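Listing of entry_0.txt; format and content: compact mmCIF, C-alpha atoms.
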# COMPACT_ATOMS: atom_id res chain seq x y z
CA MET A 1 26.10 57.82 -24.96
CA GLY A 2 24.62 59.30 -21.76
CA SER A 3 24.00 55.82 -20.39
CA SER A 4 27.57 54.60 -21.04
CA PHE A 5 28.99 57.83 -19.49
CA PHE A 6 27.12 57.78 -16.09
CA THR A 7 27.08 54.05 -15.35
CA PRO A 8 30.80 53.70 -14.40
CA ARG A 9 30.60 56.72 -12.08
CA LEU A 10 27.46 55.45 -10.37
CA ARG A 11 29.08 52.07 -9.91
CA LEU A 12 32.18 53.75 -8.40
CA ILE A 13 30.11 55.82 -5.95
CA ALA A 14 28.07 52.79 -4.93
CA ALA A 15 31.21 50.72 -4.42
CA GLY A 16 32.73 53.43 -2.21
CA PHE A 17 29.54 54.00 -0.24
CA LEU A 18 28.90 50.36 0.61
CA PRO A 19 31.92 49.89 2.99
CA ILE A 20 30.93 53.10 4.82
CA VAL A 21 27.41 51.77 5.39
CA LEU A 22 28.77 48.43 6.60
CA LEU A 23 31.23 50.22 8.92
CA LEU A 24 28.49 52.37 10.45
CA ASN A 25 26.26 49.35 10.95
CA GLY A 26 29.11 47.49 12.60
CA CYS A 27 29.80 50.39 15.00
CA GLY A 28 26.14 50.57 15.96
CA GLU A 29 25.95 46.86 16.73
CA SER A 30 29.12 47.00 18.80
CA GLN A 31 27.86 49.94 20.85
CA ASN A 32 24.50 48.30 21.59
CA SER A 33 26.20 45.06 22.55
CA ALA A 34 28.51 46.78 25.02
CA THR A 35 25.82 48.91 26.63
CA GLY A 36 23.04 46.35 26.79
CA SER A 37 19.64 46.78 28.37
CA PRO A 38 19.61 48.36 31.87
CA THR A 39 18.24 45.11 33.29
CA GLY A 40 19.33 42.75 30.50
CA PRO A 41 22.05 40.10 30.54
CA GLY A 42 24.65 42.43 29.05
CA GLY A 43 25.90 43.92 32.35
CA THR A 44 26.19 43.63 36.12
CA GLY A 45 25.16 45.68 39.12
CA ILE A 46 25.75 45.88 42.87
CA VAL A 47 23.15 44.66 45.36
CA SER A 48 23.47 46.26 48.80
CA GLY A 49 21.11 46.19 51.75
CA VAL A 50 20.15 44.60 55.03
CA VAL A 51 18.78 41.20 56.04
CA ILE A 52 16.21 41.33 58.86
CA LEU A 53 14.05 38.84 60.73
CA GLY A 54 10.52 38.87 59.33
CA SER A 55 7.32 37.63 60.96
CA SER A 56 4.34 35.71 59.58
CA ALA A 57 0.90 37.29 59.56
CA ALA A 58 -2.54 36.28 58.34
CA LYS A 59 -2.24 38.67 55.41
CA GLY A 60 1.26 37.71 54.41
CA ILE A 61 4.73 38.85 55.34
CA THR A 62 5.20 41.92 57.52
CA LYS A 63 8.25 43.63 58.95
CA GLN A 64 8.53 43.95 62.69
CA ALA A 65 8.07 47.38 64.25
CA MET A 66 11.66 47.15 65.51
CA PRO A 67 13.46 44.90 62.99
CA ILE A 68 16.26 42.60 64.08
CA GLY A 69 19.31 42.60 61.79
CA LEU A 70 20.59 39.09 61.05
CA ALA A 71 24.36 38.68 61.27
CA GLY A 72 26.43 35.91 59.70
CA VAL A 73 24.03 35.14 56.86
CA THR A 74 25.67 34.00 53.62
CA VAL A 75 24.19 35.86 50.65
CA ARG A 76 24.91 34.46 47.20
CA VAL A 77 23.62 34.52 43.66
CA SER A 78 21.99 31.17 42.88
CA GLY A 79 24.25 28.95 40.84
CA ALA A 80 27.90 29.91 40.48
CA GLY A 81 27.47 33.58 41.37
CA SER A 82 29.34 35.78 43.83
CA SER A 83 28.68 35.60 47.58
CA THR A 84 29.22 37.56 50.80
CA THR A 85 28.24 37.47 54.50
CA THR A 86 26.13 39.95 56.48
CA ASP A 87 27.86 41.99 59.19
CA GLY A 88 26.79 42.46 62.81
CA SER A 89 23.82 44.62 61.87
CA GLY A 90 22.68 42.41 58.98
CA GLN A 91 24.09 44.58 56.19
CA PHE A 92 25.74 43.22 53.04
CA THR A 93 27.09 44.25 49.65
CA LEU A 94 27.12 41.79 46.75
CA MET A 95 29.33 42.71 43.78
CA ASN A 96 29.04 41.75 40.09
CA VAL A 97 25.46 40.55 40.12
CA THR A 98 24.12 39.82 36.63
CA ALA A 99 21.51 42.39 35.57
CA GLY A 100 17.93 41.22 35.26
CA ASN A 101 15.64 39.08 37.40
CA THR A 102 18.12 37.30 39.68
CA GLU A 103 17.57 34.75 42.44
CA LEU A 104 19.50 35.20 45.69
CA GLU A 105 20.12 32.57 48.38
CA PHE A 106 20.33 33.35 52.11
CA GLU A 107 21.90 30.69 54.32
CA ARG A 108 22.90 30.32 57.96
CA GLN A 109 22.72 27.33 60.29
CA ASP A 110 19.12 28.25 61.06
CA ILE A 111 18.27 29.96 57.74
CA ASN A 112 17.73 28.59 54.23
CA ALA A 113 15.73 31.03 52.13
CA ARG A 114 15.51 32.31 48.57
CA GLY A 115 14.14 35.40 46.91
CA ARG A 116 14.32 37.29 43.61
CA VAL A 117 15.51 40.82 42.89
CA VAL A 118 15.51 42.85 39.66
CA VAL A 119 19.05 44.18 39.22
CA ALA A 120 19.81 47.27 37.11
CA ALA A 121 23.15 47.18 35.28
CA GLY A 122 25.85 49.59 36.38
CA ALA A 123 23.87 50.72 39.44
CA MET A 124 23.74 50.31 43.21
CA ASN A 125 20.55 48.33 43.93
CA ASN A 126 19.54 48.93 47.57
CA VAL A 127 17.20 46.37 49.14
CA THR A 128 15.75 45.18 52.44
CA VAL A 129 15.43 41.41 52.82
CA SER A 130 12.88 40.05 55.29
CA ILE A 131 13.46 36.37 56.15
CA VAL A 132 10.47 34.17 57.03
CA GLY A 133 11.12 30.42 56.91
CA SER A 134 12.28 29.46 53.42
CA ARG A 135 11.03 32.70 51.92
CA ALA A 136 12.98 35.93 51.49
CA GLU A 137 10.85 38.99 50.79
CA ILE A 138 13.03 41.51 48.95
CA VAL A 139 11.82 45.10 48.65
CA PRO A 140 13.57 48.34 47.53
CA GLY A 141 15.31 50.30 50.27
CA GLY A 142 18.54 49.48 52.07
CA HIS A 143 17.53 50.33 55.64
CA SER A 144 14.54 49.17 57.64
CA GLY A 145 15.14 49.93 61.29
CA ALA A 146 14.70 52.46 64.06
CA GLU A 147 15.22 56.18 63.54
CA VAL A 148 16.55 57.78 66.73
CA GLU A 149 17.09 61.52 67.00
CA GLY A 150 17.94 63.77 69.91
CA LEU A 151 20.62 65.03 72.25
CA VAL A 152 23.47 62.83 73.43
CA SER A 153 23.32 62.37 77.21
CA ALA A 154 26.20 59.88 77.58
CA THR A 155 29.02 58.57 75.44
CA ASN A 156 31.78 55.96 75.79
CA ALA A 157 34.13 55.90 72.81
CA THR A 158 36.11 52.99 74.28
CA ALA A 159 33.01 50.79 74.57
CA GLY A 160 31.60 52.19 71.31
CA THR A 161 28.31 53.32 72.86
CA LEU A 162 26.26 56.47 73.30
CA THR A 163 22.87 57.31 74.83
CA VAL A 164 20.46 59.50 72.88
CA LEU A 165 17.50 61.33 74.45
CA ASP A 166 14.75 60.80 71.89
CA GLN A 167 11.47 62.66 72.53
CA ARG A 168 9.48 59.64 71.32
CA LEU A 169 11.56 56.72 72.61
CA GLY A 170 13.16 58.22 75.72
CA ALA A 171 16.79 57.41 76.57
CA VAL A 172 18.10 54.98 73.94
CA MET A 173 21.40 53.16 74.34
CA ILE A 174 23.13 52.88 70.96
CA GLN A 175 25.94 50.45 70.18
CA THR A 176 28.42 50.82 67.31
CA ASP A 177 30.82 48.46 65.56
CA SER A 178 33.39 48.63 62.77
CA SER A 179 30.60 48.77 60.17
CA THR A 180 28.85 51.81 61.68
CA VAL A 181 29.15 54.89 59.47
CA ILE A 182 29.63 58.10 61.49
CA ARG A 183 29.45 61.44 59.66
CA ASN A 184 29.17 65.12 60.54
CA GLU A 185 26.83 67.67 58.96
CA ASP A 186 29.42 68.30 56.21
CA ASP A 187 29.22 64.60 55.25
CA ALA A 188 32.79 63.94 56.44
CA THR A 189 33.59 60.70 58.28
CA ILE A 190 34.42 61.25 61.97
CA PRO A 191 35.33 59.00 64.94
CA LEU A 192 32.82 58.32 67.71
CA SER A 193 35.09 60.18 70.15
CA GLN A 194 34.23 63.42 68.34
CA ILE A 195 30.60 63.18 69.48
CA GLN A 196 30.14 64.90 72.84
CA ILE A 197 27.40 65.04 75.45
CA GLY A 198 24.86 67.66 74.41
CA ASN A 199 25.42 67.19 70.66
CA ARG A 200 22.36 66.49 68.50
CA VAL A 201 22.52 63.31 66.40
CA HIS A 202 20.35 61.30 64.03
CA VAL A 203 20.84 57.54 64.27
CA LYS A 204 19.73 54.67 62.05
CA ALA A 205 19.85 51.43 64.01
CA LEU A 206 18.70 47.81 63.99
CA SER A 207 17.63 45.70 66.96
CA GLN A 208 19.82 42.76 67.88
CA PRO A 209 18.63 39.43 69.35
CA THR A 210 19.93 40.66 72.73
CA GLY A 211 17.62 43.68 72.55
CA ALA A 212 20.46 46.14 71.95
CA MET A 213 20.30 48.78 69.23
CA LEU A 214 23.23 48.55 66.78
CA ALA A 215 23.77 51.69 64.72
CA THR A 216 24.25 51.39 60.97
CA GLU A 217 24.67 55.15 60.59
CA ILE A 218 25.14 58.13 62.95
CA ILE A 219 24.89 61.69 61.68
CA LEU A 220 26.17 64.50 63.90
CA GLN A 221 23.59 67.19 63.17
CA SER A 222 25.05 69.84 65.45
CA ASP A 223 28.34 69.92 67.35
CA LYS A 224 27.08 72.67 69.65
CA VAL A 225 26.51 71.51 73.23
CA GLY A 226 23.13 72.36 74.70
CA GLY A 227 19.49 72.16 73.81
CA ASN A 228 16.12 72.42 75.47
CA ARG A 229 15.24 69.44 77.65
CA GLU A 230 12.03 68.68 79.54
CA VAL A 231 12.19 66.41 82.56
CA GLU A 232 9.08 65.09 84.26
CA GLY A 233 8.85 62.68 87.17
CA SER A 234 9.28 62.12 90.89
CA VAL A 235 12.15 63.52 92.98
CA THR A 236 14.29 60.73 94.46
CA MET A 237 17.16 62.73 95.98
CA VAL A 238 17.87 66.36 96.95
CA ASP A 239 21.31 67.94 97.48
CA GLN A 240 20.83 71.21 99.35
CA SER A 241 24.51 72.20 99.19
CA LYS A 242 24.68 71.88 95.38
CA LYS A 243 21.11 73.09 94.80
CA SER A 244 20.43 70.03 92.71
CA PHE A 245 18.01 67.10 92.76
CA VAL A 246 17.46 63.80 90.96
CA VAL A 247 14.27 63.02 89.05
CA GLN A 248 13.05 59.52 88.25
CA THR A 249 11.53 59.64 84.76
CA GLU A 250 9.97 56.90 82.62
CA SER A 251 13.29 56.47 80.78
CA GLY A 252 15.67 56.73 83.76
CA THR A 253 17.08 59.17 86.31
CA VAL A 254 18.11 62.74 85.47
CA THR A 255 20.11 65.10 87.68
CA VAL A 256 18.71 68.64 87.66
CA GLN A 257 20.94 71.56 88.59
CA THR A 258 19.51 74.96 89.58
CA ASP A 259 21.04 78.44 89.88
CA SER A 260 19.99 81.98 90.75
CA SER A 261 18.12 82.29 87.42
CA THR A 262 15.93 79.22 87.98
CA MET A 263 12.22 80.03 88.39
CA PHE A 264 10.19 77.91 90.83
CA ARG A 265 6.39 77.65 90.63
CA ARG A 266 3.80 75.74 92.65
CA ARG A 267 0.02 75.66 92.16
CA GLY A 268 0.19 78.83 90.10
CA GLY A 269 2.15 80.68 92.78
CA SER A 270 5.81 81.20 93.45
CA ALA A 271 8.04 78.63 95.18
CA SER A 272 11.72 78.08 95.97
CA PHE A 273 14.32 75.33 96.01
CA SER A 274 13.40 74.56 99.63
CA ASP A 275 10.02 73.29 98.35
CA ILE A 276 11.76 70.49 96.48
CA ALA A 277 11.48 67.31 98.55
CA MET A 278 11.74 63.59 97.97
CA GLY A 279 8.56 62.13 96.54
CA VAL A 280 7.15 65.31 95.00
CA ASN A 281 6.40 65.36 91.28
CA VAL A 282 8.07 68.03 89.19
CA ASP A 283 8.07 69.29 85.61
CA VAL A 284 11.42 70.79 84.65
CA ASN A 285 12.31 72.86 81.59
CA GLY A 286 16.02 73.39 81.15
CA ILE A 287 19.16 73.06 79.05
CA LEU A 288 21.20 69.87 78.70
CA GLN A 289 24.77 70.33 79.93
CA ALA A 290 28.01 68.71 78.77
CA ASP A 291 28.07 66.43 81.83
CA GLY A 292 24.58 65.10 81.11
CA THR A 293 22.80 67.11 83.81
CA VAL A 294 20.00 69.57 83.07
CA LEU A 295 20.30 73.20 84.13
CA ALA A 296 16.74 74.17 85.07
CA ARG A 297 15.22 77.38 83.74
CA LYS A 298 11.83 76.63 85.26
CA VAL A 299 10.73 74.07 87.85
CA THR A 300 7.02 73.44 88.38
CA ILE A 301 6.14 71.53 91.54
CA GLU A 302 3.00 69.50 91.00
CA GLY A 303 0.59 68.73 93.84
Kindly transcribe the structure held in the file into C-alpha cells.
Amino acid sequence: MGSSFFTPRLRLIAAGFLPIVLLLNGCGESQNSATGSPTGPGGTGIVSGVVILGSSAAKGITKQAMPIGLAGVTVRVSGAGSSTTTDGSGQFTLMNVTAGNTELEFERQDINARGRVVVAAGAMNNVTVSIVGSRAEIVPGGHSGAEVEGLVSATNATAGTLTVLDQRLGAVMIQTDSSTVIRNEDDATIPLSQIQIGNRVHVKALSQPTGAMLATEIILQSDKVGGNREVEGSVTMVDQSKKSFVVQTESGTVTVQTDSSTMFRRRGGSASFSDIAMGVNVDVNGILQADGTVLARKVTIEG
C-alpha cells in the first residue's frame, strides 16, 4: 500500500524537476559560450601601439636609444583579418582582432615582416613593434620613445612646434601633427596654442627619419609661467643699455636679462654688470620669462 501511494508522487516530482535541470544546464552553456576564454576564440580585442625601426645586434633584437617611428606601414591580421595604416609617428589601432595567439603582418614598400601577439578578448592590448628585416618583435607597451620634460622656451602654434628645455637633453625642438594628443593636468584635451613660453610640459616623442622629434603626447604639467633656469657658457654679445647679454650654451644661445636685484660674483668676490664682456664664461641662475629670456638672480663670472 505504501509503495503504490508514494510512487506516483515521486514520478510527478521527478518529471517536474527534470525540465528545470535541463533549463539551468542550457543557461550555463549559453553563458559560457558568450563569454569565452579571455584569450580564446570566443571574442575579439583591440591591438594598439607603435611600429618602430629596430636594429640587429649580436645578442638578438634591440631597440634603438632614440627609436624612429615608421609611418605608412600597413598593419593587418594574417588571412582575412582587419587592417590599418600607421600614422606619422608610427602609431596604429587595429580593431576586432580575434582573441588568442594571432599573427600580424607589417607591410610597406621597404617592409615585409610578421610577428605574433597574444590578444585578450574585450581589452585594449598595447604593444610596441620593432621591425628588423622580415621579423617583427612585438612586446607589451604602446610607447617606446623619448621622454622630454622641462620648461617651454619657444612655441609656434601655426607651425605646430615648441622647444622644451630639458635638463638632460638641452633644448629639444618638438613637432606635432593631427595625431598628437595634448592634455592639461586635469586630463582635458587642449590646443597647442594654449601652451605658453615658461609652462612646464612632459612630452612623449618618437624620432623621425629626418632627425626631428614628433610628439605622440604632450602633457601640460603647469600653466604657470616661470621656473628656475641655469645657463652656463660663453658671452657672445652685451647690451649695456638694456643690461642684458647673450650666452652661447651647448644647446644654443640664451638671452640673459639683469635688474637691480641681480647679484654679480667673480672669484669669490663681488662684481657688477660692467664686468660682463664678450668671451668671458658665466654661470647664471635665474627665472625663465614669458619671452624666452632668463631674468638673472645670480651671475658668476668664471676666470
Take atom CA of Asn199 of chain A and atom CA of Ser261 of chain A and report the distance between them in Å, one decimal.
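Rounded to one decimal, the two atoms are 23.7 Å apart.
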Near Val127 of chain A, within 7 Å and counting all atoms listed in the file, which residues show up once chain neighbours fewer than 4 positions away are dropped, as a ChimeraX atom specification?
/A:48-50,138-142
Env of segment 210-223 of chain A: 10 Å cut, atoms = all atoms listed in the file, seq-sep filter 2 positions within chain, self excluded. Answer as a PyMOL selection string.
chain A and resi 50+66+68-69+88-91+143+145-151+161+172-190+192+194-208+225-226
Hey, can you check how far atom CA of Thr236 of chain A sits from atom CA of Met278 of chain A?
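Interatomic distance, atom CA of Thr236 of chain A to atom CA of Met278 of chain A: 5.2 Å.
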Give me the residues near Ile131 of chain A as a compact mmCIF listing (two decimals) with C-alpha atoms, keeping the file's coordinate frame, where near means some atom within 8 Å (using all atoms listed in the file) and where sequence neighbours in that chain fewer than 6 positions away do not count.
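The resulting file, result_29.txt, is reproduced below:
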# COMPACT_ATOMS: atom_id res chain seq x y z
CA VAL A 51 18.78 41.20 56.04
CA ILE A 52 16.21 41.33 58.86
CA LEU A 53 14.05 38.84 60.73
CA GLY A 54 10.52 38.87 59.33
CA SER A 55 7.32 37.63 60.96
CA ALA A 113 15.73 31.03 52.13
CA GLU A 137 10.85 38.99 50.79
Considering only C-alpha atoms, return as a PDB file with C-alpha atoms, in the frame of the given file whatever protein or nucleic-acid residues lie within 10 Å of Ser270 of chain A, sequence-local ones (same chain, fewer than 5 positions apart) excluded.
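Result saved to selection16.pdb:
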ATOM      1  CA  MET A 263      12.220  80.030  88.390  1.00  0.00           C
ATOM      2  CA  PHE A 264      10.190  77.910  90.830  1.00  0.00           C
ATOM      3  CA  ARG A 265       6.390  77.650  90.630  1.00  0.00           C
ATOM      4  CA  THR A 300       7.020  73.440  88.380  1.00  0.00           C
ATOM      5  CA  ILE A 301       6.140  71.530  91.540  1.00  0.00           C
TER       6      ILE A 301
END
Would you please work out which residue, of A:Val235, A:Leu94, A:Leu165, A:Ala71, is nearest to Asn125 of chain A when using all atoms listed in the file?
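Distance minimum relative to Asn125 of chain A lands on A:Leu94.
Residue neighbourhood of Ser244 of chain A, excluding near-sequence residues (fewer than 4 positions): Met237, Val238, Asp239, Gln240, Thr255, Val256, Gln257, Thr258, Asp259, Phe273, Ile276, Thr293, Val294, Leu295 and Ala296 of chain A, at 10 Å, using all atoms listed in the file.
With distances restricted to only C-alpha atoms, A:Ser153 is the closest residue to Asp291 of chain A from A:Thr249, A:Ser83, A:Ser130, A:Ser153.
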Show me the residues close to (29.6, 35.8, 39.8) - anything with an atom within 7 Å, counting all atoms listed in the file - and format the list as a short mmCIF file (atom, residue, chain, number, x, y, z; two decimals) with C-alpha atoms, keeping the file's coordinate frame.
data_model
loop_
_atom_site.label_atom_id
_atom_site.label_comp_id
_atom_site.auth_asym_id
_atom_site.auth_seq_id
_atom_site.Cartn_x
_atom_site.Cartn_y
_atom_site.Cartn_z
CA ALA A 80 27.90 29.91 40.48
CA GLY A 81 27.47 33.58 41.37
CA SER A 82 29.34 35.78 43.83
CA ASN A 96 29.04 41.75 40.09
CA VAL A 97 25.46 40.55 40.12
#
Which is closer to Pro67 of chain A than all the others in A:Thr128, A:Asn281, A:Ser241, A:Thr253, using all atoms listed in the file?
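The closest residue to Pro67 of chain A is A:Thr128.
Atom to atom, atom CA of Thr98 of chain A and atom CA of Gly79 of chain A stand 11.7 Å apart.
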So, with all atoms listed in the file as the atoms that count, which of A:Gly100, A:Gly115, A:Gly286, A:Gly160 lies closest to Ser78 of chain A?
A:Gly115
So, with all atoms listed in the file as the atoms that count, which of A:Val164, A:Ala120, A:Glu232, A:Arg76 lies closest to Val254 of chain A?
A:Glu232
Using all atoms listed in the file, which of the listed residues (A:Gly170, A:Ser251, A:Lys243, A:Asn126) sits closest to Ser274 of chain A?
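Result for the nearest residue to Ser274 of chain A: A:Lys243.
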Assuming 4 Å of padding per side, give the centre and edge lengths of the axis-aligned box around every listed atom of segment 96-101 of chain A, in Å to one decimal and as JSON.
{"center_x": 22.3, "center_y": 40.7, "center_z": 37.7, "size_x": 21.4, "size_y": 11.3, "size_z": 12.9}
